[in-house]
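Below is one structure, written out as structure tokens, with a few remarks after it.
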Amino acid sequence: MVGTGGLGGAGTIANVTAVTPHADSLFTQDSVVVQGQSLYVVNSGSNTLSMFDIDPKCPTNLVLRSVVSSGGDFPTSVAVNAEGSLACVLNSGVRNGVACASVTEAGLAPLGDLLSTGLNQTTPPAGPAGTVSDLLFDSQDNLLVTVKGTGATDPGYLGVVSLENGIPTSIEKHAPNGGAVTFSITEVPESGDQGPVILTTDPAVTFVLGSNVTSTATAIPNNTALAIDSTGAGKVIAQTVFSNTTSPIDIRVAKLKSGANKLLINTAGDQSISVMTLVAGGKSYVSQTFDLNAAVKKYGGSALTTSVQGMHVYVASK
């Protein structure tokens, strides 16, 4: 365990006066990101972004290199470009929007001002509806952002953020067909003549697949890990349903040196990581449940609540 140099935070559930700890307390994805030999994490309670160096010989040995302002209030998501030279952060509070920092030998160096996402919010934000969702650099180094709407008359959107010398300048907004409360962003690799498509999750329709500015929506049950085809048609190949108490919120694929692929899911409701083994044809099965509470207590930490947020994968060289 290592401190981030900042404080965590939790959004409030809209229209609820007595709020108990809840899963997905940031209402977002990608609060923790690994790029190369560096790890980035948002500190929502401090309005800061932290950067760590990862020791490849001992990846659990994290060294805090830099802590800088997030440029706004209540940062929730971070994205780093493929070169590892630019880190951008998404803020969800009163000063909501996107800000970026260059990555230098000395650490992070903020660039320019915050580009607002235009939400009328508080700090901490009230949600999940009407809050920011996710931030991602795609394979072509386009910076994508998702923002949740509040319903059919105020739909959420997937946006493409324009950058000039690393500074966000504008957002080109696209409302996915059938979407309203757009959450995460995942790029589905190209297949055959079909280029990459963007997968966004939405509780109104479960997921939306988009190519350019067109999209299709598909509904599936709650608390589900699913496999889809990569043609852009949104066909579900396989799915695994988790119990209603698990609250799965973060998901990552680990490509091991052996050639095996593992799907890791942060099941915050159970304070655990569910590890699924991926096999041919999109099939999978749960091969391990890692108890986060037991691991935290082993190293002197306090018992976890359901507000377990953020997860990424670093595959060690040995």
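Residue numbers start at 1 in each chain; chains themselves are named A, B, ... in the order of the structure tokens; ligands are numbered from 1 in the order shown.
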
Tell me, as a list in words, which residues lie within 7 Å of Gly166 of chain A, counting only C-alpha atoms; anything in the same chain fewer than 6 positions away does not count. Leu86, Cys100 and Leu111 of chain A

Need to verify the contact set: segment 145-161 of chain A, 10 Å, only C-alpha atoms, exclusion of same-chain residues closer than 6 positions in sequence. Can you return it as JSON, numbers by chain? {"A": [27, 28, 77, 79, 90, 92, 97, 98, 115, 117, 118, 119, 127, 128, 129, 130, 131, 132, 133, 134, 135, 136, 137, 167, 168, 169, 170, 171, 172, 173, 174, 175, 176, 177, 178, 179, 180, 181, 182, 183, 184, 185, 198, 200, 201, 202, 204, 210, 213]}

Atoms to include: N, CA and C atoms. Write the selected residues as a short mmCIF file (atom, residue, chain, number, x, y, z; two decimals), in the first residue's frame.
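Ended up saving to out.cif:
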```cif
data_model
loop_
_atom_site.label_atom_id
_atom_site.label_comp_id
_atom_site.auth_asym_id
_atom_site.auth_seq_id
_atom_site.Cartn_x
_atom_site.Cartn_y
_atom_site.Cartn_z
N PHE A 27 -18.92 7.74 -10.05
CA PHE A 27 -19.82 7.70 -11.21
C PHE A 27 -19.04 7.63 -12.53
N THR A 28 -17.84 7.04 -12.51
CA THR A 28 -16.99 7.04 -13.70
C THR A 28 -16.19 5.77 -13.82
N SER A 77 -11.57 10.82 -13.80
CA SER A 77 -11.00 9.93 -14.81
C SER A 77 -9.72 10.54 -15.36
N ALA A 79 -6.69 9.93 -18.64
CA ALA A 79 -6.30 9.25 -19.89
C ALA A 79 -4.91 9.72 -20.26
N LEU A 90 -10.42 14.33 -16.28
CA LEU A 90 -11.82 14.73 -16.39
C LEU A 90 -12.33 15.10 -15.01
N SER A 92 -15.54 16.57 -12.44
CA SER A 92 -16.99 16.38 -12.40
C SER A 92 -17.72 17.34 -11.47
N GLY A 97 -14.99 19.51 -16.46
CA GLY A 97 -14.41 19.58 -17.79
C GLY A 97 -13.09 18.85 -17.88
N VAL A 98 -12.36 19.10 -18.97
CA VAL A 98 -11.12 18.40 -19.29
C VAL A 98 -9.93 19.36 -19.20
N LEU A 115 -11.23 22.98 -20.09
CA LEU A 115 -12.28 23.06 -21.11
C LEU A 115 -13.55 22.52 -20.50
N THR A 117 -17.22 21.01 -19.68
CA THR A 117 -18.20 20.12 -20.28
C THR A 117 -19.61 20.67 -20.11
N GLY A 118 -19.75 21.83 -19.47
CA GLY A 118 -21.01 22.56 -19.44
C GLY A 118 -22.08 22.03 -18.51
N LEU A 119 -21.70 21.26 -17.50
CA LEU A 119 -22.69 20.71 -16.58
C LEU A 119 -22.96 21.67 -15.42
N GLY A 127 -25.28 12.51 -8.55
CA GLY A 127 -25.48 11.70 -9.74
C GLY A 127 -26.20 10.41 -9.44
N PRO A 128 -26.08 9.41 -10.30
CA PRO A 128 -25.15 9.37 -11.43
C PRO A 128 -25.53 10.26 -12.62
N ALA A 129 -26.85 10.45 -12.88
CA ALA A 129 -27.26 11.22 -14.06
C ALA A 129 -26.70 12.64 -13.98
N GLY A 130 -26.37 13.18 -15.15
CA GLY A 130 -25.90 14.56 -15.20
C GLY A 130 -24.48 14.77 -14.73
N THR A 131 -23.65 13.71 -14.79
CA THR A 131 -22.24 13.85 -14.42
C THR A 131 -21.36 13.39 -15.58
N VAL A 132 -20.07 13.71 -15.50
CA VAL A 132 -19.13 13.21 -16.51
C VAL A 132 -18.91 11.72 -16.28
N SER A 133 -18.39 11.03 -17.30
CA SER A 133 -18.30 9.57 -17.23
C SER A 133 -16.90 9.01 -17.45
N ASP A 134 -16.29 9.29 -18.59
CA ASP A 134 -15.04 8.61 -18.90
C ASP A 134 -14.23 9.43 -19.89
N LEU A 135 -12.92 9.12 -19.95
CA LEU A 135 -11.99 9.80 -20.82
C LEU A 135 -11.04 8.75 -21.39
N LEU A 136 -10.76 8.83 -22.70
CA LEU A 136 -9.94 7.79 -23.34
C LEU A 136 -9.24 8.34 -24.57
N PHE A 137 -7.95 8.01 -24.72
CA PHE A 137 -7.26 8.19 -26.00
C PHE A 137 -7.46 6.91 -26.79
N ILE A 167 -3.47 21.27 -25.34
CA ILE A 167 -4.49 22.02 -24.59
C ILE A 167 -5.87 21.76 -25.20
N PRO A 168 -6.86 21.29 -24.42
CA PRO A 168 -8.22 21.06 -24.94
C PRO A 168 -8.86 22.38 -25.37
N THR A 169 -9.44 22.40 -26.59
CA THR A 169 -10.02 23.65 -27.09
C THR A 169 -11.51 23.56 -27.39
N SER A 170 -12.02 22.38 -27.75
CA SER A 170 -13.44 22.25 -28.07
C SER A 170 -13.84 20.78 -28.01
N ILE A 171 -15.15 20.52 -27.94
CA ILE A 171 -15.69 19.16 -27.92
C ILE A 171 -16.73 19.01 -29.01
N GLU A 172 -16.52 18.05 -29.91
CA GLU A 172 -17.51 17.70 -30.93
C GLU A 172 -18.40 16.61 -30.34
N LYS A 173 -19.68 16.90 -30.14
CA LYS A 173 -20.57 16.02 -29.38
C LYS A 173 -21.44 15.16 -30.31
N HIS A 174 -21.59 13.87 -29.93
CA HIS A 174 -22.46 12.94 -30.64
C HIS A 174 -23.31 12.20 -29.61
N ALA A 175 -24.63 12.27 -29.77
CA ALA A 175 -25.54 11.56 -28.87
C ALA A 175 -25.81 10.18 -29.44
N PRO A 176 -25.35 9.09 -28.77
CA PRO A 176 -25.59 7.74 -29.29
C PRO A 176 -27.08 7.44 -29.42
N ASN A 177 -27.43 6.72 -30.46
CA ASN A 177 -28.83 6.34 -30.72
C ASN A 177 -29.37 5.52 -29.55
N GLY A 178 -30.42 6.01 -28.92
CA GLY A 178 -31.05 5.29 -27.82
C GLY A 178 -30.39 5.51 -26.48
N GLY A 179 -29.28 6.24 -26.45
CA GLY A 179 -28.56 6.45 -25.20
C GLY A 179 -29.09 7.65 -24.43
N ALA A 180 -28.82 7.67 -23.13
CA ALA A 180 -29.24 8.79 -22.30
C ALA A 180 -28.24 9.07 -21.19
N VAL A 181 -27.70 8.00 -20.59
CA VAL A 181 -26.81 8.14 -19.44
C VAL A 181 -25.50 7.41 -19.78
N THR A 182 -24.75 7.98 -20.70
CA THR A 182 -23.59 7.32 -21.29
C THR A 182 -22.44 7.21 -20.30
N PHE A 183 -21.99 5.97 -20.04
CA PHE A 183 -20.93 5.74 -19.05
C PHE A 183 -19.58 5.52 -19.75
N SER A 184 -19.06 4.32 -19.71
CA SER A 184 -17.67 4.05 -20.08
C SER A 184 -17.43 4.12 -21.59
N ILE A 185 -16.13 4.12 -21.96
CA ILE A 185 -15.71 4.08 -23.36
C ILE A 185 -14.73 2.92 -23.54
N ILE A 198 -16.54 2.20 -31.29
CA ILE A 198 -16.51 2.61 -29.89
C ILE A 198 -17.69 1.98 -29.15
N THR A 200 -19.83 2.06 -25.76
CA THR A 200 -20.17 2.82 -24.56
C THR A 200 -21.29 2.11 -23.83
N THR A 201 -21.18 2.06 -22.51
CA THR A 201 -22.23 1.46 -21.71
C THR A 201 -23.24 2.52 -21.29
N ASP A 202 -24.49 2.11 -21.18
CA ASP A 202 -25.58 3.03 -20.84
C ASP A 202 -26.67 2.22 -20.14
N ALA A 204 -29.64 2.73 -19.79
CA ALA A 204 -30.92 2.76 -20.49
C ALA A 204 -31.01 1.63 -21.52
N GLY A 210 -20.79 2.35 -31.76
CA GLY A 210 -20.83 3.41 -32.74
C GLY A 210 -19.65 3.36 -33.69
N VAL A 213 -20.42 8.43 -36.86
CA VAL A 213 -21.49 9.08 -36.10
C VAL A 213 -22.76 8.23 -36.08
#
```

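Taking atom CA of Pro59 of chain A and atom CA of Val308 of chain A as the two end points, the separation is 20.9 Å.
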
Among segment 30-61 of chain A, which residues carry a DSSP assignment of strand (DSSP E or B), reported as a PyMOL selection string? chain A and resi 32-35+38-43+48-54

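Residues surrounding Asn91 of chain A within 6 Å are A:Gly72, A:Asp73, A:Phe74, A:Pro75, A:Thr76, A:Asn96, A:Gly97 [only C-alpha atoms; sequence separation below 5 positions excluded].
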
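In terms of minimum interatomic distance to Asn142 of chain A, A:Asn81 ranks closest within A:Asn81, A:Gln37, A:Thr60, A:Ser274, counting only C-alpha atoms.
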
Skipping near chain neighbours, those fewer than 5 positions away, what residues fall within 7 Å of Ser102 of chain A using only C-alpha atoms, listed as a compact mmCIF listing (two decimals) with N, CA, C and O atoms, in the first residue's frame?
```
# COMPACT_ATOMS: atom_id res chain seq x y z
N SER A 85 3.26 11.04 -23.37
CA SER A 85 3.74 12.42 -23.22
C SER A 85 2.67 13.38 -22.73
O SER A 85 2.97 14.53 -22.39
N LEU A 86 1.39 12.93 -22.71
CA LEU A 86 0.29 13.81 -22.34
C LEU A 86 -0.73 13.06 -21.48
O LEU A 86 -1.18 11.98 -21.85
N ALA A 87 -1.05 13.63 -20.33
CA ALA A 87 -2.06 13.06 -19.44
C ALA A 87 -3.20 14.06 -19.30
O ALA A 87 -2.97 15.24 -19.02
N LEU A 108 4.63 15.78 -13.90
CA LEU A 108 3.52 16.38 -14.64
C LEU A 108 3.63 17.90 -14.64
O LEU A 108 3.97 18.51 -13.62
N ALA A 109 3.30 18.52 -15.78
CA ALA A 109 3.32 19.97 -15.91
C ALA A 109 2.01 20.41 -16.56
O ALA A 109 1.79 20.16 -17.76
N PRO A 110 1.07 21.02 -15.80
CA PRO A 110 -0.23 21.43 -16.35
C PRO A 110 -0.10 22.34 -17.56
O PRO A 110 0.80 23.17 -17.64
N LEU A 111 -1.04 22.15 -18.52
CA LEU A 111 -1.05 22.93 -19.75
C LEU A 111 -2.38 23.67 -19.87
O LEU A 111 -3.44 23.05 -19.81
```

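For the atom pair formed by atom CA of Ser25 of chain A and atom CA of Asn261 of chain A, the distance is 28.6 Å, given to one decimal.
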
From the list A:Gln29, A:Gln309, A:Ser38, A:Ser272, the nearest residue to Asn293 of chain A using only C-alpha atoms is A:Ser272
